[in-house]
file final06.cif (mmCIF, C-alpha atoms)
data_final
loop_
_atom_site.label_atom_id
_atom_site.label_comp_id
_atom_site.auth_asym_id
_atom_site.auth_seq_id
_atom_site.Cartn_x
_atom_site.Cartn_y
_atom_site.Cartn_z
CA MET G 291 -56.16 -31.52 -36.19
CA ASP G 292 -54.03 -34.18 -34.46
CA ILE G 293 -52.03 -32.90 -31.51
CA ILE G 294 -49.27 -33.90 -29.10
CA ILE G 295 -49.28 -32.05 -25.77
CA LYS G 296 -45.80 -32.39 -24.32
CA ASP G 297 -44.23 -32.23 -20.86
CA GLY G 298 -47.32 -31.12 -18.92
CA LEU G 299 -48.26 -32.01 -15.35
CA ILE G 300 -51.27 -34.28 -15.82
CA ILE G 301 -54.05 -34.11 -13.25
CA ASP G 302 -56.46 -36.70 -14.61
CA GLY G 303 -59.41 -36.29 -12.23
CA THR G 304 -59.19 -39.79 -10.74
CA GLY G 305 -57.71 -38.59 -7.45
CA ARG G 306 -54.22 -39.96 -8.11
CA ASN G 307 -51.17 -37.73 -7.78
CA GLY G 308 -50.19 -35.60 -10.74
CA TYR G 309 -47.51 -36.88 -13.11
CA TYR G 310 -45.53 -35.57 -16.07
CA ALA G 311 -46.25 -37.10 -19.47
CA ASP G 312 -47.22 -36.38 -23.08
CA LEU G 313 -50.69 -36.79 -24.61
CA LEU G 314 -51.35 -37.93 -28.14
CA ILE G 315 -54.71 -36.74 -29.52
CA GLU G 316 -56.14 -38.18 -32.73
CA ASN G 317 -59.58 -37.44 -34.15
CA HIS G 318 -60.51 -35.53 -30.98
CA LYS G 319 -59.70 -38.51 -28.72
CA ILE G 320 -56.75 -39.18 -26.41
CA GLU G 321 -55.03 -42.17 -28.01
CA ALA G 322 -51.91 -42.37 -25.86
CA ILE G 323 -50.36 -41.04 -22.66
CA GLY G 324 -46.67 -41.61 -22.12
CA GLN G 325 -43.14 -40.30 -22.11
CA ASP G 326 -41.48 -38.76 -25.17
CA LEU G 327 -44.35 -39.42 -27.59
CA THR G 328 -43.59 -38.52 -31.21
CA ALA G 329 -45.51 -38.54 -34.48
CA GLU G 330 -45.27 -36.97 -37.90
CA ASN G 331 -47.45 -34.08 -39.08
CA TYR G 332 -48.81 -33.37 -35.60
CA LYS G 333 -49.20 -29.99 -33.99
CA VAL G 334 -47.04 -29.90 -30.88
CA ILE G 335 -48.13 -27.90 -27.82
CA ASP G 336 -45.45 -27.30 -25.20
CA ALA G 337 -47.12 -27.64 -21.79
CA SER G 338 -43.96 -27.20 -19.71
CA ASN G 339 -44.75 -25.60 -16.34
CA LYS G 340 -48.46 -26.04 -17.05
CA VAL G 341 -51.19 -28.39 -15.86
CA VAL G 342 -53.02 -30.63 -18.32
CA ALA G 343 -56.43 -31.73 -17.07
CA PRO G 344 -59.85 -32.81 -18.30
CA GLY G 345 -62.39 -30.03 -18.65
CA PHE G 346 -63.83 -28.85 -15.35
CA ILE G 347 -67.48 -29.46 -14.45
CA ASP G 348 -69.50 -26.57 -13.02
CA MET G 349 -71.91 -28.43 -10.74
CA HIS G 350 -74.25 -25.50 -10.29
CA CYS G 351 -75.06 -23.25 -13.21
CA HIS G 352 -78.02 -21.38 -14.72
CA ALA G 353 -76.44 -21.03 -18.15
CA ASP G 354 -79.39 -22.84 -19.76
CA LEU G 355 -81.38 -19.61 -19.38
CA THR G 356 -79.04 -17.71 -21.72
CA ILE G 357 -76.95 -20.27 -23.62
CA LEU G 358 -78.72 -19.61 -26.93
CA LYS G 359 -77.70 -15.95 -26.71
CA VAL G 360 -74.08 -16.71 -25.74
CA ASN G 361 -73.68 -20.09 -27.36
CA THR G 362 -69.86 -20.10 -27.39
CA ALA G 363 -69.74 -19.62 -23.58
CA GLU G 364 -66.18 -18.30 -23.89
CA ALA G 365 -66.11 -16.98 -20.31
CA TYR G 366 -66.46 -20.57 -19.13
CA LEU G 367 -64.29 -22.34 -21.70
CA MET G 368 -61.36 -19.96 -21.20
CA GLN G 369 -61.35 -20.93 -17.51
CA GLY G 370 -61.32 -24.62 -18.41
CA VAL G 371 -65.00 -25.32 -17.73
CA THR G 372 -66.35 -27.58 -20.46
CA THR G 373 -69.44 -29.06 -18.78
CA MET G 374 -72.20 -27.22 -16.94
CA VAL G 375 -74.95 -28.75 -14.79
CA VAL G 376 -78.10 -26.77 -15.58
CA SER G 377 -81.83 -26.42 -14.88
CA ILE G 378 -81.09 -26.62 -11.18
CA CYS G 379 -82.84 -24.94 -8.20
CA GLY G 380 -86.12 -26.06 -9.79
CA ILE G 381 -85.76 -23.42 -12.53
CA GLY G 382 -85.41 -23.99 -16.28
CA LEU G 383 -86.82 -23.21 -19.71
CA ALA G 384 -88.59 -26.56 -20.09
CA PRO G 385 -91.05 -28.15 -19.67
CA ALA G 386 -93.63 -25.38 -19.99
CA ASN G 387 -97.31 -24.75 -20.68
CA GLU G 388 -99.39 -21.60 -20.28
CA LYS G 389 -99.40 -21.91 -16.47
CA VAL G 390 -95.62 -22.09 -16.45
CA ARG G 391 -95.28 -19.18 -18.86
CA LYS G 392 -97.46 -17.04 -16.61
CA TYR G 393 -95.43 -18.10 -13.56
CA TYR G 394 -92.19 -17.13 -15.30
CA ALA G 395 -93.61 -13.81 -16.50
CA ASP G 396 -94.86 -12.99 -12.99
CA PHE G 397 -92.03 -14.39 -10.90
CA ILE G 398 -88.83 -15.55 -12.58
CA THR G 399 -88.19 -12.33 -14.49
CA LYS G 400 -88.41 -10.48 -11.17
CA LEU G 401 -86.34 -13.13 -9.37
CA PHE G 402 -83.43 -12.71 -11.80
CA GLY G 403 -84.15 -9.15 -12.90
CA SER G 404 -84.11 -10.52 -16.45
CA GLU G 405 -86.02 -9.89 -19.62
CA GLU G 406 -88.85 -12.24 -20.54
CA LEU G 407 -87.56 -15.73 -21.27
CA THR G 408 -88.46 -18.02 -24.17
CA LEU G 409 -89.82 -21.29 -22.79
CA TYR G 410 -90.22 -24.68 -24.47
CA ASP G 411 -93.05 -27.20 -24.18
CA THR G 412 -90.72 -30.12 -23.45
CA LEU G 413 -87.07 -30.77 -22.77
CA GLN G 414 -86.83 -32.47 -26.14
CA HIS G 415 -88.03 -29.29 -27.85
CA TYR G 416 -85.34 -27.32 -26.05
CA PHE G 417 -82.66 -29.91 -26.84
CA SER G 418 -83.58 -29.72 -30.53
CA ARG G 419 -83.30 -25.92 -30.47
CA ILE G 420 -79.87 -26.14 -28.81
CA GLU G 421 -78.64 -28.67 -31.37
CA GLU G 422 -79.91 -26.47 -34.18
CA ALA G 423 -78.11 -23.40 -32.83
CA GLY G 424 -74.93 -25.21 -31.82
CA ILE G 425 -73.13 -24.59 -28.52
CA SER G 426 -69.56 -25.00 -27.31
CA PRO G 427 -69.90 -26.53 -23.82
CA ASN G 428 -71.56 -29.73 -22.69
CA LEU G 429 -74.81 -29.28 -20.74
CA VAL G 430 -76.11 -31.71 -18.11
CA PHE G 431 -79.84 -31.11 -17.77
CA PHE G 432 -82.06 -31.70 -14.76
CA ILE G 433 -85.86 -31.52 -14.75
CA PRO G 434 -86.84 -28.36 -12.83
CA HIS G 435 -89.43 -29.23 -10.20
CA GLY G 436 -90.79 -25.67 -10.24
CA ASN G 437 -91.82 -26.15 -13.87
CA VAL G 438 -93.27 -29.59 -13.19
CA ARG G 439 -95.43 -28.30 -10.34
CA ALA G 440 -96.45 -25.14 -12.16
CA CYS G 441 -97.45 -27.16 -15.25
CA VAL G 442 -100.13 -28.82 -13.14
CA LEU G 443 -100.90 -26.44 -10.24
CA GLY G 444 -99.60 -23.04 -11.30
CA ILE G 445 -98.65 -21.39 -8.00
CA GLU G 446 -101.64 -22.68 -6.04
CA GLU G 447 -100.72 -23.07 -2.37
CA ARG G 448 -101.90 -26.64 -1.79
CA PRO G 449 -100.74 -30.23 -2.24
CA PRO G 450 -101.59 -31.97 -5.53
CA THR G 451 -104.48 -34.39 -5.71
CA GLU G 452 -103.68 -37.99 -6.61
CA THR G 453 -104.56 -37.29 -10.23
CA GLU G 454 -102.41 -34.15 -10.31
CA LEU G 455 -99.50 -36.00 -8.72
CA GLU G 456 -99.74 -38.65 -11.43
CA GLU G 457 -99.58 -35.87 -14.04
CA MET G 458 -96.45 -34.51 -12.39
CA LYS G 459 -94.87 -37.96 -12.29
CA GLN G 460 -95.56 -38.41 -15.99
CA ILE G 461 -93.87 -35.09 -16.79
CA VAL G 462 -90.81 -36.23 -14.81
CA SER G 463 -90.81 -39.58 -16.59
CA ASP G 464 -91.00 -37.86 -19.97
CA GLY G 465 -87.98 -35.72 -19.09
CA MET G 466 -85.95 -38.72 -17.96
CA ASP G 467 -86.87 -40.56 -21.17
CA VAL G 468 -85.19 -37.88 -23.31
CA GLY G 469 -81.97 -37.72 -21.31
CA ALA G 470 -82.37 -35.64 -18.14
CA PHE G 471 -80.00 -36.63 -15.35
CA GLY G 472 -82.55 -36.18 -12.58
CA LEU G 473 -84.86 -33.78 -10.75
CA SER G 474 -83.88 -30.43 -9.25
CA THR G 475 -85.76 -28.50 -6.58
CA GLY G 476 -85.63 -24.93 -5.33
CA LEU G 477 -87.48 -25.27 -2.04
CA ILE G 478 -87.11 -21.69 -0.81
CA TYR G 479 -88.78 -20.23 -3.92
CA PRO G 480 -92.37 -20.67 -5.06
CA PRO G 481 -93.72 -22.95 -6.32
CA GLY G 482 -91.11 -25.32 -4.80
CA SER G 483 -91.62 -23.77 -1.38
CA LEU G 484 -95.30 -24.73 -1.62
CA SER G 485 -94.53 -28.44 -2.03
CA THR G 486 -94.54 -31.08 0.69
CA THR G 487 -91.78 -33.57 1.39
CA GLU G 488 -94.16 -36.35 0.37
CA GLU G 489 -94.62 -34.76 -3.07
CA ILE G 490 -90.86 -34.68 -3.62
CA ILE G 491 -90.52 -38.28 -2.45
CA GLU G 492 -93.07 -39.49 -4.99
CA LEU G 493 -91.34 -37.65 -7.84
CA CYS G 494 -87.93 -38.92 -6.73
CA LYS G 495 -89.20 -42.47 -6.88
CA VAL G 496 -89.75 -41.93 -10.60
CA VAL G 497 -86.23 -40.52 -11.01
CA GLN G 498 -84.71 -43.35 -8.98
CA GLY G 499 -86.31 -45.82 -11.38
CA TYR G 500 -84.07 -44.37 -14.09
CA GLY G 501 -80.97 -44.31 -11.90
CA GLY G 502 -81.18 -40.51 -11.78
CA ILE G 503 -80.11 -37.93 -9.20
CA TYR G 504 -82.00 -35.59 -6.87
CA ASN G 505 -80.37 -32.13 -6.90
CA SER G 506 -81.73 -29.81 -4.22
CA HIS G 507 -81.58 -26.18 -3.25
CA MET G 508 -82.75 -27.17 0.22
CA ARG G 509 -85.77 -25.76 2.05
CA ASN G 510 -83.59 -24.12 4.68
CA GLU G 511 -79.95 -23.00 4.54
CA ASP G 512 -79.74 -20.85 7.66
CA THR G 513 -80.35 -21.78 11.30
CA GLY G 514 -82.60 -24.65 10.21
CA VAL G 515 -80.08 -26.04 7.73
CA VAL G 516 -79.56 -29.28 9.68
CA ALA G 517 -82.98 -29.92 11.19
CA LYS G 518 -85.10 -28.70 8.28
CA GLY G 519 -82.95 -28.52 5.15
CA MET G 520 -80.69 -31.53 5.50
CA GLY G 521 -83.23 -33.42 7.59
CA GLU G 522 -85.71 -33.33 4.73
CA LEU G 523 -83.10 -34.28 2.13
CA VAL G 524 -81.89 -37.26 4.18
CA LYS G 525 -85.50 -38.42 4.60
CA ILE G 526 -86.07 -38.24 0.83
CA VAL G 527 -82.91 -40.22 0.11
CA ARG G 528 -83.67 -42.80 2.81
CA GLN G 529 -87.21 -43.43 1.56
CA THR G 530 -86.37 -43.56 -2.16
CA GLY G 531 -82.78 -44.83 -2.34
CA ILE G 532 -81.95 -42.01 -4.75
CA GLN G 533 -78.53 -40.34 -4.98
CA ALA G 534 -78.73 -36.70 -3.86
CA GLN G 535 -76.70 -33.59 -4.52
CA ILE G 536 -76.99 -30.58 -2.19
CA SER G 537 -76.71 -27.36 -4.17
CA HIS G 538 -74.44 -24.59 -2.84
CA TRP G 539 -74.15 -26.22 0.59
CA LYS G 540 -73.72 -23.55 3.24
CA ALA G 541 -74.58 -22.25 6.68
CA GLY G 542 -76.27 -19.01 5.68
CA GLY G 543 -75.99 -16.19 8.19
CA ARG G 544 -73.76 -15.55 11.16
CA PHE G 545 -76.12 -17.30 13.59
CA ALA G 546 -75.83 -20.53 11.54
CA TRP G 547 -72.05 -20.68 11.30
CA LYS G 548 -71.80 -22.70 14.50
CA LEU G 549 -73.79 -25.48 12.79
CA THR G 550 -71.05 -26.24 10.25
CA PRO G 551 -69.55 -29.20 12.19
CA GLN G 552 -73.04 -30.66 12.60
CA MET G 553 -73.71 -30.25 8.87
CA ILE G 554 -70.57 -32.21 8.04
CA SER G 555 -71.30 -34.94 10.56
CA THR G 556 -74.88 -35.26 9.25
CA ILE G 557 -73.59 -36.10 5.77
CA GLN G 558 -70.90 -38.39 7.15
CA LEU G 559 -73.43 -40.29 9.25
CA ALA G 560 -75.84 -40.62 6.31
CA ARG G 561 -73.08 -41.93 4.06
CA ASP G 562 -71.89 -44.34 6.75
CA ARG G 563 -75.44 -45.73 6.68
CA GLY G 564 -75.27 -46.30 2.94
CA LEU G 565 -77.00 -43.15 1.67
CA ASN G 566 -75.48 -41.51 -1.41
CA ILE G 567 -75.40 -37.81 -0.56
CA TYR G 568 -72.98 -35.32 -2.07
CA ALA G 569 -72.69 -31.53 -2.08
CA ASP G 570 -71.23 -28.65 -4.04
CA MET G 571 -70.09 -25.33 -2.60
CA TYR G 572 -69.41 -21.79 -3.72
CA PRO G 573 -65.70 -21.01 -4.22
CA TYR G 574 -66.23 -17.71 -2.39
CA GLN G 575 -67.37 -16.59 1.04
CA GLU G 576 -70.45 -14.55 0.20
CA ALA G 577 -73.69 -16.07 -1.09
CA ALA G 578 -76.29 -14.38 -3.26
CA SER G 579 -79.91 -14.80 -4.15
CA SER G 580 -82.93 -12.74 -5.13
CA LEU G 581 -84.18 -10.56 -2.29
CA SER G 582 -87.74 -10.61 -3.61
CA GLY G 583 -87.61 -14.35 -4.29
CA VAL G 584 -86.62 -15.14 -0.72
CA LEU G 585 -88.74 -12.58 1.12
CA LEU G 586 -92.06 -12.32 -0.74
CA ARG G 587 -94.96 -14.75 -0.56
CA PRO G 588 -96.33 -16.23 -3.82
CA TRP G 589 -99.58 -14.22 -3.69
CA VAL G 590 -97.61 -10.99 -4.14
CA TYR G 591 -96.57 -11.98 -7.68
CA LYS G 592 -100.12 -12.57 -8.89
CA ASN G 593 -100.45 -8.79 -9.30
CA PHE G 594 -96.98 -7.58 -8.44
CA GLU G 595 -97.12 -3.86 -9.24
CA LYS G 596 -100.63 -3.41 -7.82
CA HIS G 597 -99.77 -5.12 -4.54
CA LEU G 598 -96.61 -3.09 -4.07
CA SER G 599 -98.31 0.22 -4.84
CA ASN G 600 -101.42 -0.37 -2.71
CA PRO G 601 -100.85 0.90 0.88
CA GLY G 602 -102.92 -1.90 2.44
CA THR G 603 -101.26 -4.79 0.66
CA ARG G 604 -97.85 -3.15 0.93
CA GLN G 605 -98.24 -3.09 4.71
CA LYS G 606 -99.26 -6.76 4.65
CA ILE G 607 -96.15 -7.54 2.59
CA MET G 608 -93.94 -5.72 5.10
CA ASP G 609 -95.54 -7.55 8.03
CA GLU G 610 -95.13 -10.96 6.37
CA THR G 611 -91.56 -10.15 5.36
CA MET G 612 -90.66 -9.18 8.89
CA GLU G 613 -92.22 -12.32 10.33
CA MET G 614 -90.33 -14.49 7.84
CA ILE G 615 -87.02 -12.80 8.64
CA TYR G 616 -87.64 -13.13 12.36
CA SER G 617 -88.62 -16.81 12.23
CA SER G 618 -85.98 -17.89 9.70
CA PHE G 619 -82.93 -15.82 10.51
CA LEU G 620 -83.30 -14.66 14.11
CA GLN G 621 -84.64 -17.81 15.76
CA ASP G 622 -81.20 -18.70 17.11
CA ALA G 623 -80.00 -15.14 17.65
CA PRO G 624 -78.39 -14.24 20.98
CA GLN G 625 -80.86 -13.60 23.78
CA TYR G 626 -79.98 -9.91 23.99
CA ILE G 627 -81.30 -9.53 20.43
CA LYS G 628 -84.37 -11.71 20.89
CA ILE G 629 -85.59 -9.70 23.88
CA LEU G 630 -85.72 -6.52 21.83
CA PRO G 631 -89.24 -5.45 20.81
CA LYS G 632 -90.16 -6.70 17.36
CA TYR G 633 -90.86 -3.20 16.09
CA LEU G 634 -87.30 -2.18 17.00
CA ILE G 635 -85.81 -5.27 15.35
CA ARG G 636 -87.91 -4.44 12.31
CA GLU G 637 -86.55 -0.92 12.09
CA LEU G 638 -82.98 -2.20 12.47
CA ILE G 639 -83.46 -4.83 9.74
CA PHE G 640 -84.95 -2.40 7.24
CA TRP G 641 -82.25 0.15 8.07
CA PHE G 642 -79.65 -2.54 7.35
CA ILE G 643 -81.33 -3.56 4.07
CA ARG G 644 -81.56 0.05 2.90
CA LYS G 645 -77.91 0.56 3.75
CA LYS G 646 -76.83 -2.54 1.80
CA LEU G 647 -78.94 -1.59 -1.21
#
call {"tool": "encode", "arguments": {"input": "final06.cif", "output": "structure tokens"}}
result
Amino acid sequence: MDIIIKDGLIIDGTGRNGYYADLLIENHKIEAIGQDLTAENYKVIDASNKVVAPGFIDMHCHADLTILKVNTAEAYLMQGVTTMVVSICGIGLAPANEKVRKYYADFITKLFGSEELTLYDTLQHYFSRIEEAGISPNLVFFIPHGNVRACVLGIEERPPTETELEEMKQIVSDGMDVGAFGLSTGLIYPPGSLSTTEEIIELCKVVQGYGGIYNSHMRNEDTGVVAKGMGELVKIVRQTGIQAQISHWKAGGRFAWKLTPQMISTIQLARDRGLNIYADMYPYQEAASSLSGVLLRPWVYKNFEKHLSNPGTRQKIMDETMEMIYSSFLQDAPQYIKILPKYLIRELIFWFIRKKL
């Protein structure tokens, strides 16, 4: 149907100031923008006192995990979101082999508290399935690094050999060939957390060759957000020349809030030096993630129920969890907290977690 949208405030996404005008739409394309547009046999939409804008882009979304079950995505479209960036944080339904399927069965279902997911051998296989089903929004796909690594190494805690790294690079190249926009990492979750910076650099070189983007859930978002998280990302961009996108950029935890000015200046300095680094942020104050995904080591998931129910391994899990919390979140705590005995801090932390849950 051909349409004229009249008298709306147009915000066109270019950064210019809004302006009042009409839009003439023919064959699903905007053919004219101007004042007092008229045409015969057109549907007229009165946009007085309303904003007319291009569809919004959700820069951080996991809708690819469920889009085939909710293919109309009405909750997004009715808020004006028409494009979603997916397969980010190193997580996605493709590519996959038996190692990846085991990793998802052991880990991802527990990370998201979801039912078992249907995985696809390649991105092209998944794209074909999406086209067959039909969906309402646009999807911008990244290649999930967690899948790439798990395809070759499973969740082995070691760097890839040269041969294995070449296999990973080929998987990335295959994904870029069929239309992926770049590579995404989730460096606080296994298997991404098991990777080295050098591994990511080598894979980003492949992506850069296609003009793609590196999208990263950084390795640290709390008190090490500048030195560890952003430091690593800047190094990757500097050594590869790739454009980077920081996912859900934040200073996680009260002890990290003071680092916000330094976070901003780090990006400004990098961009002043010619590095293309961008970031997206939550539109709300609180962040969220999987408690088990952040706190538990990869070995726990290899036999999840057995390890949690065995007193010996359960104690080991608690000890490792406490050490991780202490080193990651309490490193820059006030001195009056740091001088407390670790056993007392432990009891306070677990009391707090139980209270929140």
call {"tool": "residues_around", "arguments": {"input": "final06.cif", "residues": "G:Glu405", "least_positions_apart": "3", "cutoff": "12 Å", "atoms": "only C-alpha atoms", "output": "list in words"}}
result
Leu355, Thr356, Tyr394, Ala395, Asp396, Phe397, Ile398, Thr399, Lys400, Leu401, Phe402 and Thr408 of chain G
call {"tool": "write_last_selection", "arguments": {"input": "final06.cif", "atoms": "C-alpha atoms", "output": "mmCIF file, in the coordinates of the input"}}
result
data_model
loop_
_atom_site.group_PDB
_atom_site.id
_atom_site.type_symbol
_atom_site.label_atom_id
_atom_site.label_comp_id
_atom_site.auth_asym_id
_atom_site.auth_seq_id
_atom_site.Cartn_x
_atom_site.Cartn_y
_atom_site.Cartn_z
ATOM 1 C CA LEU G 355 -81.380 -19.610 -19.380
ATOM 2 C CA THR G 356 -79.040 -17.710 -21.720
ATOM 3 C CA TYR G 394 -92.190 -17.130 -15.300
ATOM 4 C CA ALA G 395 -93.610 -13.810 -16.500
ATOM 5 C CA ASP G 396 -94.860 -12.990 -12.990
ATOM 6 C CA PHE G 397 -92.030 -14.390 -10.900
ATOM 7 C CA ILE G 398 -88.830 -15.550 -12.580
ATOM 8 C CA THR G 399 -88.190 -12.330 -14.490
ATOM 9 C CA LYS G 400 -88.410 -10.480 -11.170
ATOM 10 C CA LEU G 401 -86.340 -13.130 -9.370
ATOM 11 C CA PHE G 402 -83.430 -12.710 -11.800
ATOM 12 C CA THR G 408 -88.460 -18.020 -24.170
#
call {"tool": "residues_near_point", "arguments": {"input": "final06.cif", "point": "(-48.5, -25.6, -19.5)", "cutoff": "12 Å", "atoms": "only C-alpha atoms", "output": "ChimeraX atom specification"}}
result
/G:295-301,310-312,335-343
call {"tool": "resolve_selection", "arguments": {"input": "final06.cif", "expression": "the PyMOL selection byres ((chain G and resi 435) around 7)", "output": "PDB file with C-alpha atoms, in the coordinates of the input"}}
result
ATOM      1  CA  GLY G 380     -86.120 -26.060  -9.790  1.00  0.00           C
ATOM      2  CA  ILE G 433     -85.860 -31.520 -14.750  1.00  0.00           C
ATOM      3  CA  PRO G 434     -86.840 -28.360 -12.830  1.00  0.00           C
ATOM      4  CA  GLY G 436     -90.790 -25.670 -10.240  1.00  0.00           C
ATOM      5  CA  ASN G 437     -91.820 -26.150 -13.870  1.00  0.00           C
ATOM      6  CA  VAL G 438     -93.270 -29.590 -13.190  1.00  0.00           C
ATOM      7  CA  ARG G 439     -95.430 -28.300 -10.340  1.00  0.00           C
ATOM      8  CA  LEU G 473     -84.860 -33.780 -10.750  1.00  0.00           C
ATOM      9  CA  SER G 474     -83.880 -30.430  -9.250  1.00  0.00           C
ATOM     10  CA  THR G 475     -85.760 -28.500  -6.580  1.00  0.00           C
ATOM     11  CA  GLY G 482     -91.110 -25.320  -4.800  1.00  0.00           C
TER      12      GLY G 482
END
call {"tool": "atom_distance", "arguments": {"input": "final06.cif", "atom1": "atom CA of G:Glu364", "atom2": "atom CA of G:Glu421"}}
result
17.9 Å
call {"tool": "closest_residue", "arguments": {"input": "final06.cif", "among": "G:Lys392, G:Arg644, G:Arg636, G:Lys548", "to": "G:Lys592", "atoms": "all atoms listed in the file"}}
result
G:Lys392
call {"tool": "closest_residue", "arguments": {"input": "final06.cif", "among": "G:Cys494, G:Gln325, G:Glu330, G:Gln625", "to": "G:Asp292", "atoms": "all atoms listed in the file"}}
result
G:Glu330
call {"tool": "resolve_selection", "arguments": {"input": "final06.cif", "expression": "the PyMOL selection byres ((chain G and resi 512-521) around 9)", "output": "ChimeraX atom specification"}}
result
/G:507-511,522-526,536,540-547,549,552-553,556-557,618-622
call {"tool": "write_last_selection", "arguments": {"input": "final06.cif", "atoms": "C-alpha atoms", "output": "mmCIF file, in the frame of the given file"}}
result
data_model
loop_
_atom_site.group_PDB
_atom_site.id
_atom_site.type_symbol
_atom_site.label_atom_id
_atom_site.label_comp_id
_atom_site.auth_asym_id
_atom_site.auth_seq_id
_atom_site.Cartn_x
_atom_site.Cartn_y
_atom_site.Cartn_z
ATOM 1 C CA HIS G 507 -81.580 -26.180 -3.250
ATOM 2 C CA MET G 508 -82.750 -27.170 0.220
ATOM 3 C CA ARG G 509 -85.770 -25.760 2.050
ATOM 4 C CA ASN G 510 -83.590 -24.120 4.680
ATOM 5 C CA GLU G 511 -79.950 -23.000 4.540
ATOM 6 C CA GLU G 522 -85.710 -33.330 4.730
ATOM 7 C CA LEU G 523 -83.100 -34.280 2.130
ATOM 8 C CA VAL G 524 -81.890 -37.260 4.180
ATOM 9 C CA LYS G 525 -85.500 -38.420 4.600
ATOM 10 C CA ILE G 526 -86.070 -38.240 0.830
ATOM 11 C CA ILE G 536 -76.990 -30.580 -2.190
ATOM 12 C CA LYS G 540 -73.720 -23.550 3.240
ATOM 13 C CA ALA G 541 -74.580 -22.250 6.680
ATOM 14 C CA GLY G 542 -76.270 -19.010 5.680
ATOM 15 C CA GLY G 543 -75.990 -16.190 8.190
ATOM 16 C CA ARG G 544 -73.760 -15.550 11.160
ATOM 17 C CA PHE G 545 -76.120 -17.300 13.590
ATOM 18 C CA ALA G 546 -75.830 -20.530 11.540
ATOM 19 C CA TRP G 547 -72.050 -20.680 11.300
ATOM 20 C CA LEU G 549 -73.790 -25.480 12.790
ATOM 21 C CA GLN G 552 -73.040 -30.660 12.600
ATOM 22 C CA MET G 553 -73.710 -30.250 8.870
ATOM 23 C CA THR G 556 -74.880 -35.260 9.250
ATOM 24 C CA ILE G 557 -73.590 -36.100 5.770
ATOM 25 C CA SER G 618 -85.980 -17.890 9.700
ATOM 26 C CA PHE G 619 -82.930 -15.820 10.510
ATOM 27 C CA LEU G 620 -83.300 -14.660 14.110
ATOM 28 C CA GLN G 621 -84.640 -17.810 15.760
ATOM 29 C CA ASP G 622 -81.200 -18.700 17.110
#
call {"tool": "atom_distance", "arguments": {"input": "final06.cif", "atom1": "atom CA of G:Asn361", "atom2": "atom CA of G:Gly465"}}
result
22.7 Å
call {"tool": "decode", "arguments": {"input": "final06.cif", "residues": "stretch 585-596 of chain G", "atoms": "N, CA and C atoms", "output": "short mmCIF file (atom, residue, chain, number, x, y, z; two decimals), in the first residue's frame"}}
result
data_model
loop_
_atom_site.label_atom_id
_atom_site.label_comp_id
_atom_site.auth_asym_id
_atom_site.auth_seq_id
_atom_site.Cartn_x
_atom_site.Cartn_y
_atom_site.Cartn_z
N LEU G 585 30.51 -16.97 37.98
CA LEU G 585 31.22 -17.43 39.16
C LEU G 585 31.90 -18.79 39.02
N LEU G 586 31.37 -19.67 38.17
CA LEU G 586 31.85 -21.05 38.16
C LEU G 586 32.90 -21.28 37.08
N ARG G 587 33.90 -22.08 37.41
CA ARG G 587 34.96 -22.43 36.48
C ARG G 587 34.43 -23.45 35.46
N PRO G 588 35.05 -23.51 34.28
CA PRO G 588 34.56 -24.42 33.23
C PRO G 588 34.49 -25.88 33.65
N TRP G 589 35.41 -26.35 34.50
CA TRP G 589 35.42 -27.77 34.85
C TRP G 589 34.13 -28.19 35.56
N VAL G 590 33.47 -27.24 36.21
CA VAL G 590 32.26 -27.57 36.96
C VAL G 590 31.18 -28.10 36.02
N TYR G 591 31.13 -27.56 34.79
CA TYR G 591 30.04 -27.90 33.87
C TYR G 591 30.23 -29.25 33.20
N LYS G 592 31.42 -29.82 33.31
CA LYS G 592 31.66 -31.10 32.66
C LYS G 592 30.83 -32.22 33.29
N ASN G 593 30.46 -32.04 34.55
CA ASN G 593 29.55 -32.97 35.21
C ASN G 593 28.82 -32.19 36.30
N PHE G 594 27.97 -31.29 35.84
CA PHE G 594 27.41 -30.22 36.66
C PHE G 594 26.74 -30.74 37.93
N GLU G 595 25.75 -31.61 37.77
CA GLU G 595 24.98 -32.08 38.92
C GLU G 595 25.87 -32.86 39.91
N LYS G 596 26.76 -33.70 39.37
CA LYS G 596 27.63 -34.50 40.23
C LYS G 596 28.55 -33.62 41.05
#
